[in-house]
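Asks: One structure coming up, written as structure tokens, with questions to follow.
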Amino acid sequence: MNIRLLPLLLLAAFGIAVAAELNYPLDAPAPDGRRPGGTISQSLPAPAIANEENKDLKRERNYPEQPPTIPHSISSYQIDKNGNKCLTCHSRAGSARSQAPMISITHYMDRDGQALAAVSPRRYFCNQCHVSQNEVQPLVGNSFENIDTLLQNEATAPAKP
Amino acid sequence: MKSLLALLKDYWRILRRPSVHYSLGFLTLGGFIAGIIFWGGFNTALEATNTEQFCISCHEMRDNVYVELKDTIHYTNRSGVRATCPDCHVPHKWTDKIARKMQASKEVWGKIFGTINTRDKFLAHRRELAEHEWARLKANDSLECRNCHNFEFMDFTRQGQRAKQMHSTALASGEATCIDCHKGIAHKLPDMSGVPGW
């Protein structure tokens, strides 16, 4: 027998051995992440698309510098070089007319803190930082506690000996 | 000029003279039937130009504005009620419709000479085209919006906080009309620099 055929033969034998073992998990269960259940090769129906929250109630910021989330629907708002729908209400002039909160003064500054006549180009695309929220439960839990809670805990904790 | 006057005089004489060859019955009935055919044909042709199919038979409309409409709530939504091109761009009342159709002969000119026959040309004209529509809707108090969105039957309690606030003040008092705030709801906006409020 030709010696060069030996690796091929061994490979074939290994393949047969693997296929013959029936409980080998070819289709492993998928990790229970964002879509729990099912196996890796299975495709499950996608969850329904949730509605955008549209209650117009300001949400608490988790830390002082957090960009505030948008408390209303912004579907089909156009933000591009032609126009910015958000600024029709939230710009300096627009907020008086609409009574919407004016965007922070920092949005009218360049990065050296110099005031500009109009919204700074680097702040122009609102939803780079500000996003609306959907009516869903968080996919992944977290144990974040904001600074007020930490201070409160500290104040109420029994004094250390 | 003199010969033209003579020609007109000739025709006037023929018109004034009673018919010699045709009976009164034939003339009245014939006129009646011809009238029906003419008027029916005219209105049918007019209605045929008043459909979305007709609008998007030109690539200028099909590849630019129609594509943009397809993403919006006026094309697809939860209940399946939709607006077609003429619902918003052609007045529904007959006299206004005829006036708008006569204006639209300019659009035939534009089609023949290819004013917006490429994407670039269309984008270059977009602000001008948009301004025509804004001016038209401002002048008729957003009539085409109100054909469906009737202020009398708006239930503020079913509207969002911000919508209620605006509709019950600015719109109710007539200080603003639909198009003042709702620009670019069915198509993409042109360069808005210099437009009041933008």
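Letters A, B, ... go to the chains of the structure tokens in the order shown; residues in each chain start at 1; ligands are counted from 1 in the same order.
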To test your reading of the structure, identify every residue in stretch 55-135 of chain A that backbone DSSP assigns to strand (DSSP E), and report it as an MDAnalysis selection string.

Replies: chainID A and resid 79:80 83:84

Asks: Could you please take those selected residues and save N, CA and C atoms as a PDB file, in the first residue's frame?

Replies:
```pdb
ATOM      1  N   ILE A  79     -32.768  64.613   9.524  1.00  0.00           N
ATOM      2  CA  ILE A  79     -31.563  65.296  10.016  1.00  0.00           C
ATOM      3  C   ILE A  79     -30.463  65.029   9.011  1.00  0.00           C
ATOM      4  N   ASP A  80     -30.212  65.946   8.118  1.00  0.00           N
ATOM      5  CA  ASP A  80     -29.105  65.799   7.168  1.00  0.00           C
ATOM      6  C   ASP A  80     -28.616  67.186   6.789  1.00  0.00           C
ATOM      7  N   GLY A  83     -31.418  69.889   6.247  1.00  0.00           N
ATOM      8  CA  GLY A  83     -32.233  70.456   7.303  1.00  0.00           C
ATOM      9  C   GLY A  83     -32.186  69.596   8.554  1.00  0.00           C
ATOM     10  N   ASN A  84     -32.598  70.157   9.667  1.00  0.00           N
ATOM     11  CA  ASN A  84     -32.620  69.442  10.928  1.00  0.00           C
ATOM     12  C   ASN A  84     -33.957  69.701  11.601  1.00  0.00           C
TER      13      ASN A  84
END
```

Asks: For B:Phe54, work out the shell of residues within 12 Å, counting only C-alpha atoms and skipping chain neighbours fewer than 6 positions away, then give it as a VMD selection string.

Replies: chain B and resid 45 to 48 60 to 62 84 to 86

Asks: Atoms to include: C-alpha atoms. Write the selected residues as a PDB file, in the first residue's frame.

Replies:
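Produced file out.pdb, reproduced below:
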```
ATOM      1  CA  ALA B  45     -59.188  62.368 -19.962  1.00  0.00           C
ATOM      2  CA  LEU B  46     -58.905  64.797 -17.068  1.00  0.00           C
ATOM      3  CA  GLU B  47     -59.488  62.058 -14.522  1.00  0.00           C
ATOM      4  CA  ALA B  48     -56.956  59.828 -16.276  1.00  0.00           C
ATOM      5  CA  GLU B  60     -38.900  62.063 -12.983  1.00  0.00           C
ATOM      6  CA  MET B  61     -41.729  61.325 -10.557  1.00  0.00           C
ATOM      7  CA  ARG B  62     -41.244  57.573 -10.241  1.00  0.00           C
ATOM      8  CA  THR B  84     -51.992  59.255  -3.808  1.00  0.00           C
ATOM      9  CA  CYS B  85     -50.195  62.075  -5.637  1.00  0.00           C
ATOM     10  CA  PRO B  86     -53.309  64.015  -6.761  1.00  0.00           C
TER      11      PRO B  86
END
```

Asks: I'd like the contact shell of stretch 99-114 of chain B - 12 Å cut-off, only C-alpha atoms, skipping same-chain residues fewer than 5 positions apart - returned as a ChimeraX atom specification.

Replies: /B:45-47,49-50,55,57-61,86,89-94,119-122,125,129,132-133,136

Asks: Counting only C-alpha atoms, what are the residues of chain B within 6 Å of chain A, and for each of them which pair of atoms is the nearest and at what distance in Å, to one decimal? Sort the table by chain and rising number, as a tab-separated table.

Replies:
```
residue	atom	partner	partner_atom	distance
B:Pro190	CA	A:Asn82	CA	5.8
B:Asp191	CA	A:Asn82	CA	4.0
B:Met192	CA	A:Gly83	CA	5.4
B:Gly197	CA	A:Thr88	CA	5.8
B:Trp198	CA	A:Thr88	CA	5.2
```
